[in-house]
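A.B. asks: Below you will find the structure I want to go over with you.
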Amino acid sequence: MRAELGPAEGYFIYAGLALALFGLAALIRHDWLRLTRPARRVLAQVLRHESSFQDGGMSFAAVYGFRSEDGELEVTDAVYGPQPSPAVGDMVELAYPDGRPDLARPPRLLTWLGVYGTLLFMLGMLIAKLLGWLD
């Protein structure tokens, strides 16, 4: 049994669908090389931490140094945290798509599965609401 949607509810559902689809497309575009190329793994040393003032406090991201087929490289972690972690001098495993060592990051499979799963769940719930499967 399909319930009729009011005009405002319809706008919110279509806006949510557009947002979920845009977010999913942006993530896939960002991760395309990671999804389509074999992964390389390398041990990198934490050289220092970059700091940024965010949300009323300092946040820190590790800067890693390692040797790849392109020579010595430094990459900055995309994830900032409230404490400078891991410690300077620690060895950390990084992963990157074959041929793109500049994209090296610590592997965070569960985090990204959670992000993709949340967007897919949101998309599914909005479609179910649009089709009248949810009250």
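Ordered as shown in the structure tokens, chains take letters A, B, and onward, while each chain numbers its residues from 1 and ligands are numbered from 1 in the order shown.
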Write out as a ChimeraX atom specification all residues of range 17-105 of chain A that DSSP puts in strand (DSSP E) for this structure's backbone.
C.D. replies: /A:39-54,57-68,71-76,91-97
A.B. asks: I want to know what sits within 12 Å of range 119-133 of chain A, based on only C-alpha atoms, with residues of the same chain fewer than 3 positions away left out; could you give that as an mmCIF file with all heavy atoms, in the first residue's frame?
C.D. replies:
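Written file, result_1.cif:
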```cif
data_model
loop_
_atom_site.group_PDB
_atom_site.id
_atom_site.type_symbol
_atom_site.label_atom_id
_atom_site.label_comp_id
_atom_site.auth_asym_id
_atom_site.auth_seq_id
_atom_site.Cartn_x
_atom_site.Cartn_y
_atom_site.Cartn_z
ATOM 1 N N MET A 1 0.838 -1.168 0.000
ATOM 2 C CA MET A 1 0.000 0.000 0.000
ATOM 3 C C MET A 1 0.888 1.238 0.000
ATOM 4 O O MET A 1 1.723 1.424 0.865
ATOM 5 C CB MET A 1 -0.869 -0.035 1.250
ATOM 6 C CG MET A 1 -1.767 1.125 1.371
ATOM 7 S SD MET A 1 -2.898 0.714 2.716
ATOM 8 C CE MET A 1 -3.954 2.052 2.627
ATOM 9 N N ARG A 2 0.695 2.078 -0.974
ATOM 10 C CA ARG A 2 1.543 3.256 -1.148
ATOM 11 C C ARG A 2 0.863 4.477 -0.556
ATOM 12 O O ARG A 2 -0.249 4.820 -0.931
ATOM 13 C CB ARG A 2 1.812 3.459 -2.632
ATOM 14 C CG ARG A 2 2.787 4.566 -2.895
ATOM 15 C CD ARG A 2 3.286 4.494 -4.323
ATOM 16 N NE ARG A 2 4.424 5.334 -4.442
ATOM 17 C CZ ARG A 2 4.416 6.517 -5.055
ATOM 18 N NH1 ARG A 2 3.328 6.959 -5.612
ATOM 19 N NH2 ARG A 2 5.504 7.236 -5.109
ATOM 20 N N ALA A 3 1.550 5.110 0.375
ATOM 21 C CA ALA A 3 1.020 6.337 0.977
ATOM 22 C C ALA A 3 1.394 7.516 0.087
ATOM 23 O O ALA A 3 2.461 7.536 -0.528
ATOM 24 C CB ALA A 3 1.590 6.521 2.374
ATOM 25 N N GLU A 4 0.491 8.491 0.034
ATOM 26 C CA GLU A 4 0.767 9.699 -0.739
ATOM 27 C C GLU A 4 1.692 10.613 0.055
ATOM 28 O O GLU A 4 1.517 10.787 1.252
ATOM 29 C CB GLU A 4 -0.536 10.432 -1.061
ATOM 30 C CG GLU A 4 -1.401 9.703 -2.059
ATOM 31 C CD GLU A 4 -0.751 9.578 -3.426
ATOM 32 O OE1 GLU A 4 -0.111 10.543 -3.888
ATOM 33 O OE2 GLU A 4 -0.863 8.497 -4.012
ATOM 34 N N LEU A 5 2.642 11.185 -0.631
ATOM 35 C CA LEU A 5 3.576 12.111 0.001
ATOM 36 C C LEU A 5 3.078 13.528 -0.175
ATOM 37 O O LEU A 5 2.574 13.893 -1.238
ATOM 38 C CB LEU A 5 4.959 11.996 -0.632
ATOM 39 C CG LEU A 5 5.661 10.647 -0.556
ATOM 40 C CD1 LEU A 5 6.970 10.715 -1.315
ATOM 41 C CD2 LEU A 5 5.893 10.252 0.884
ATOM 42 N N GLY A 6 3.234 14.320 0.875
ATOM 43 C CA GLY A 6 2.928 15.741 0.759
ATOM 44 C C GLY A 6 4.031 16.430 -0.031
ATOM 45 O O GLY A 6 5.123 15.884 -0.208
ATOM 46 N N GLU A 9 7.271 16.900 2.007
ATOM 47 C CA GLU A 9 7.935 15.613 2.264
ATOM 48 C C GLU A 9 8.627 15.102 0.993
ATOM 49 O O GLU A 9 9.751 14.601 1.041
ATOM 50 C CB GLU A 9 6.917 14.601 2.768
ATOM 51 C CG GLU A 9 7.545 13.332 3.277
ATOM 52 C CD GLU A 9 6.521 12.367 3.848
ATOM 53 O OE1 GLU A 9 5.330 12.437 3.478
ATOM 54 O OE2 GLU A 9 6.928 11.543 4.677
ATOM 55 N N GLY A 10 7.971 15.265 -0.136
ATOM 56 C CA GLY A 10 8.567 14.860 -1.409
ATOM 57 C C GLY A 10 9.846 15.612 -1.708
ATOM 58 O O GLY A 10 10.839 15.038 -2.156
ATOM 59 N N TYR A 11 9.833 16.930 -1.437
ATOM 60 C CA TYR A 11 11.044 17.731 -1.673
ATOM 61 C C TYR A 11 12.204 17.237 -0.822
ATOM 62 O O TYR A 11 13.337 17.125 -1.290
ATOM 63 C CB TYR A 11 10.789 19.211 -1.389
ATOM 64 C CG TYR A 11 9.836 19.876 -2.351
ATOM 65 C CD1 TYR A 11 8.843 20.728 -1.891
ATOM 66 C CD2 TYR A 11 9.919 19.651 -3.719
ATOM 67 C CE1 TYR A 11 7.963 21.339 -2.766
ATOM 68 C CE2 TYR A 11 9.046 20.257 -4.600
ATOM 69 C CZ TYR A 11 8.071 21.093 -4.123
ATOM 70 O OH TYR A 11 7.208 21.684 -4.989
ATOM 71 N N PHE A 12 11.907 16.944 0.457
ATOM 72 C CA PHE A 12 12.965 16.466 1.350
ATOM 73 C C PHE A 12 13.492 15.105 0.910
ATOM 74 O O PHE A 12 14.690 14.852 0.976
ATOM 75 C CB PHE A 12 12.476 16.407 2.800
ATOM 76 C CG PHE A 12 12.456 17.734 3.474
ATOM 77 C CD1 PHE A 12 11.258 18.333 3.819
ATOM 78 C CD2 PHE A 12 13.637 18.405 3.753
ATOM 79 C CE1 PHE A 12 11.240 19.569 4.438
ATOM 80 C CE2 PHE A 12 13.632 19.638 4.369
ATOM 81 C CZ PHE A 12 12.416 20.235 4.714
ATOM 82 N N ILE A 13 12.614 14.235 0.460
ATOM 83 C CA ILE A 13 13.057 12.911 0.017
ATOM 84 C C ILE A 13 13.918 13.027 -1.236
ATOM 85 O O ILE A 13 14.984 12.421 -1.325
ATOM 86 C CB ILE A 13 11.847 11.977 -0.200
ATOM 87 C CG1 ILE A 13 11.237 11.623 1.151
ATOM 88 C CG2 ILE A 13 12.267 10.718 -0.955
ATOM 89 C CD1 ILE A 13 9.966 10.826 1.070
ATOM 90 N N TYR A 14 13.472 13.827 -2.207
ATOM 91 C CA TYR A 14 14.273 13.988 -3.428
ATOM 92 C C TYR A 14 15.591 14.702 -3.145
ATOM 93 O O TYR A 14 16.625 14.352 -3.734
ATOM 94 C CB TYR A 14 13.472 14.721 -4.509
ATOM 95 C CG TYR A 14 12.422 13.838 -5.138
ATOM 96 C CD1 TYR A 14 11.078 14.113 -4.994
ATOM 97 C CD2 TYR A 14 12.795 12.704 -5.870
ATOM 98 C CE1 TYR A 14 10.115 13.298 -5.567
ATOM 99 C CE2 TYR A 14 11.842 11.880 -6.442
ATOM 100 C CZ TYR A 14 10.500 12.183 -6.285
ATOM 101 O OH TYR A 14 9.556 11.369 -6.854
ATOM 102 N N ALA A 15 15.584 15.669 -2.238
ATOM 103 C CA ALA A 15 16.842 16.340 -1.870
ATOM 104 C C ALA A 15 17.777 15.347 -1.176
ATOM 105 O O ALA A 15 18.989 15.338 -1.437
ATOM 106 C CB ALA A 15 16.555 17.536 -0.966
ATOM 107 N N GLY A 16 17.232 14.503 -0.301
ATOM 108 C CA GLY A 16 18.045 13.487 0.362
ATOM 109 C C GLY A 16 18.609 12.484 -0.622
ATOM 110 O O GLY A 16 19.774 12.072 -0.505
ATOM 111 N N LEU A 17 17.791 12.072 -1.594
ATOM 112 C CA LEU A 17 18.280 11.158 -2.636
ATOM 113 C C LEU A 17 19.416 11.797 -3.422
ATOM 114 O O LEU A 17 20.437 11.152 -3.685
ATOM 115 C CB LEU A 17 17.145 10.767 -3.587
ATOM 116 C CG LEU A 17 16.164 9.732 -3.094
ATOM 117 C CD1 LEU A 17 14.974 9.635 -4.043
ATOM 118 C CD2 LEU A 17 16.836 8.377 -2.967
ATOM 119 N N ALA A 18 19.245 13.066 -3.793
ATOM 120 C CA ALA A 18 20.293 13.761 -4.545
ATOM 121 C C ALA A 18 21.566 13.862 -3.721
ATOM 122 O O ALA A 18 22.672 13.625 -4.227
ATOM 123 C CB ALA A 18 19.813 15.149 -4.960
ATOM 124 N N LEU A 19 21.426 14.181 -2.434
ATOM 125 C CA LEU A 19 22.587 14.295 -1.555
ATOM 126 C C LEU A 19 23.299 12.955 -1.404
ATOM 127 O O LEU A 19 24.528 12.880 -1.485
ATOM 128 C CB LEU A 19 22.155 14.834 -0.191
ATOM 129 C CG LEU A 19 23.260 15.038 0.831
ATOM 130 C CD1 LEU A 19 24.231 16.106 0.355
ATOM 131 C CD2 LEU A 19 22.654 15.423 2.164
ATOM 132 N N ALA A 20 22.536 11.892 -1.188
ATOM 133 C CA ALA A 20 23.137 10.558 -1.033
ATOM 134 C C ALA A 20 23.835 10.122 -2.313
ATOM 135 O O ALA A 20 24.938 9.580 -2.282
ATOM 136 C CB ALA A 20 22.079 9.542 -0.623
ATOM 137 N N LEU A 21 23.197 10.336 -3.459
ATOM 138 C CA LEU A 21 23.815 9.953 -4.735
ATOM 139 C C LEU A 21 25.064 10.779 -5.014
ATOM 140 O O LEU A 21 26.075 10.252 -5.476
ATOM 141 C CB LEU A 21 22.811 10.093 -5.878
ATOM 142 C CG LEU A 21 21.725 9.038 -5.916
ATOM 143 C CD1 LEU A 21 20.654 9.412 -6.950
ATOM 144 C CD2 LEU A 21 22.314 7.667 -6.234
ATOM 145 N N PHE A 22 25.000 12.082 -4.734
ATOM 146 C CA PHE A 22 26.169 12.930 -4.927
ATOM 147 C C PHE A 22 27.311 12.491 -4.015
ATOM 148 O O PHE A 22 28.462 12.409 -4.440
ATOM 149 C CB PHE A 22 25.823 14.398 -4.663
ATOM 150 C CG PHE A 22 27.008 15.303 -4.755
ATOM 151 C CD1 PHE A 22 27.520 15.686 -5.983
ATOM 152 C CD2 PHE A 22 27.636 15.755 -3.602
ATOM 153 C CE1 PHE A 22 28.636 16.502 -6.069
ATOM 154 C CE2 PHE A 22 28.747 16.575 -3.676
ATOM 155 C CZ PHE A 22 29.246 16.953 -4.917
ATOM 156 N N GLY A 23 27.004 12.209 -2.750
ATOM 157 C CA GLY A 23 28.028 11.760 -1.810
ATOM 158 C C GLY A 23 28.659 10.451 -2.237
ATOM 159 O O GLY A 23 29.888 10.286 -2.190
ATOM 160 N N LEU A 24 27.830 9.513 -2.684
ATOM 161 C CA LEU A 24 28.339 8.227 -3.150
ATOM 162 C C LEU A 24 29.214 8.405 -4.392
ATOM 163 O O LEU A 24 30.294 7.818 -4.487
ATOM 164 C CB LEU A 24 27.158 7.298 -3.442
ATOM 165 C CG LEU A 24 27.407 5.816 -3.441
ATOM 166 C CD1 LEU A 24 28.051 5.347 -2.149
ATOM 167 C CD2 LEU A 24 26.101 5.071 -3.677
ATOM 168 N N ALA A 25 28.765 9.236 -5.324
ATOM 169 C CA ALA A 25 29.554 9.485 -6.538
ATOM 170 C C ALA A 25 30.884 10.152 -6.196
ATOM 171 O O ALA A 25 31.933 9.797 -6.756
ATOM 172 C CB ALA A 25 28.761 10.350 -7.511
ATOM 173 N N ALA A 26 30.870 11.099 -5.267
ATOM 174 C CA ALA A 26 32.104 11.783 -4.871
ATOM 175 C C ALA A 26 33.076 10.807 -4.213
ATOM 176 O O ALA A 26 34.287 10.841 -4.480
ATOM 177 C CB ALA A 26 31.788 12.939 -3.935
ATOM 178 N N LEU A 27 32.563 9.916 -3.351
ATOM 179 C CA LEU A 27 33.427 8.926 -2.708
ATOM 180 C C LEU A 27 34.026 7.962 -3.724
ATOM 181 O O LEU A 27 35.214 7.643 -3.674
ATOM 182 C CB LEU A 27 32.641 8.129 -1.668
ATOM 183 C CG LEU A 27 32.501 8.758 -0.304
ATOM 184 C CD1 LEU A 27 31.611 7.897 0.582
ATOM 185 C CD2 LEU A 27 33.838 8.967 0.348
ATOM 186 N N ILE A 28 33.204 7.487 -4.636
ATOM 187 C CA ILE A 28 33.704 6.550 -5.648
ATOM 188 C C ILE A 28 34.748 7.232 -6.524
ATOM 189 O O ILE A 28 35.788 6.648 -6.836
ATOM 190 C CB ILE A 28 32.544 5.972 -6.476
ATOM 191 C CG1 ILE A 28 31.718 5.026 -5.602
ATOM 192 C CG2 ILE A 28 33.052 5.261 -7.719
ATOM 193 C CD1 ILE A 28 30.421 4.558 -6.228
ATOM 194 N N TRP A 112 36.026 3.255 6.052
ATOM 195 C CA TRP A 112 35.442 3.505 4.732
ATOM 196 C C TRP A 112 34.254 2.609 4.447
ATOM 197 O O TRP A 112 33.294 3.034 3.789
ATOM 198 C CB TRP A 112 36.513 3.417 3.648
ATOM 199 C CG TRP A 112 37.430 4.593 3.747
ATOM 200 C CD1 TRP A 112 38.732 4.596 4.156
ATOM 201 C CD2 TRP A 112 37.078 5.959 3.527
ATOM 202 N NE1 TRP A 112 39.214 5.877 4.185
ATOM 203 C CE2 TRP A 112 38.215 6.736 3.798
ATOM 204 C CE3 TRP A 112 35.923 6.603 3.125
ATOM 205 C CZ2 TRP A 112 38.230 8.121 3.681
ATOM 206 C CZ3 TRP A 112 35.928 7.986 3.005
ATOM 207 C CH2 TRP A 112 37.073 8.729 3.279
ATOM 208 N N LEU A 113 34.271 1.385 4.957
ATOM 209 C CA LEU A 113 33.082 0.536 4.820
ATOM 210 C C LEU A 113 31.904 1.157 5.564
ATOM 211 O O LEU A 113 30.762 1.112 5.084
ATOM 212 C CB LEU A 113 33.359 -0.875 5.349
ATOM 213 C CG LEU A 113 34.227 -1.766 4.462
ATOM 214 C CD1 LEU A 113 34.490 -3.103 5.162
ATOM 215 C CD2 LEU A 113 33.588 -1.985 3.104
ATOM 216 N N GLY A 114 32.171 1.750 6.712
ATOM 217 C CA GLY A 114 31.118 2.434 7.458
ATOM 218 C C GLY A 114 30.550 3.625 6.708
ATOM 219 O O GLY A 114 29.333 3.847 6.691
ATOM 220 N N VAL A 115 31.418 4.404 6.075
ATOM 221 C CA VAL A 115 30.965 5.576 5.323
ATOM 222 C C VAL A 115 30.122 5.135 4.124
ATOM 223 O O VAL A 115 29.012 5.650 3.904
ATOM 224 C CB VAL A 115 32.170 6.427 4.865
ATOM 225 C CG1 VAL A 115 31.737 7.516 3.902
ATOM 226 C CG2 VAL A 115 32.882 7.024 6.067
ATOM 227 N N TYR A 116 30.633 4.180 3.341
ATOM 228 C CA TYR A 116 29.870 3.682 2.194
ATOM 229 C C TYR A 116 28.562 3.036 2.647
ATOM 230 O O TYR A 116 27.509 3.250 2.039
ATOM 231 C CB TYR A 116 30.694 2.667 1.392
ATOM 232 C CG TYR A 116 31.647 3.289 0.410
ATOM 233 C CD1 TYR A 116 32.984 3.483 0.721
ATOM 234 C CD2 TYR A 116 31.221 3.670 -0.853
ATOM 235 C CE1 TYR A 116 33.871 4.039 -0.178
ATOM 236 C CE2 TYR A 116 32.095 4.239 -1.768
ATOM 237 C CZ TYR A 116 33.419 4.418 -1.426
ATOM 238 O OH TYR A 116 34.275 4.985 -2.324
#
```
A.B. asks: Write down as an MDAnalysis selection string the residues of chain A whose backbone DSSP state falls under helix (DSSP H, G or I).
C.D. replies: chainID A and resid 7:36 101:103 109:130
A.B. asks: Neighbours of range 93-103 of chain A within 12 Å (only C-alpha atoms; same-chain residues fewer than 2 positions away dropped), as a PyMOL selection string?
C.D. replies: chain A and resi 30-46+62-78+86+90-91+105-109
A.B. asks: If you measure from CA of Asp55 in chain A to CA of Arg29 in chain A, what distance in Å do you get, rounded to one decimal?
C.D. replies: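 Between CA of Asp55 in chain A and CA of Arg29 in chain A the gap works out to 27.6 Å.
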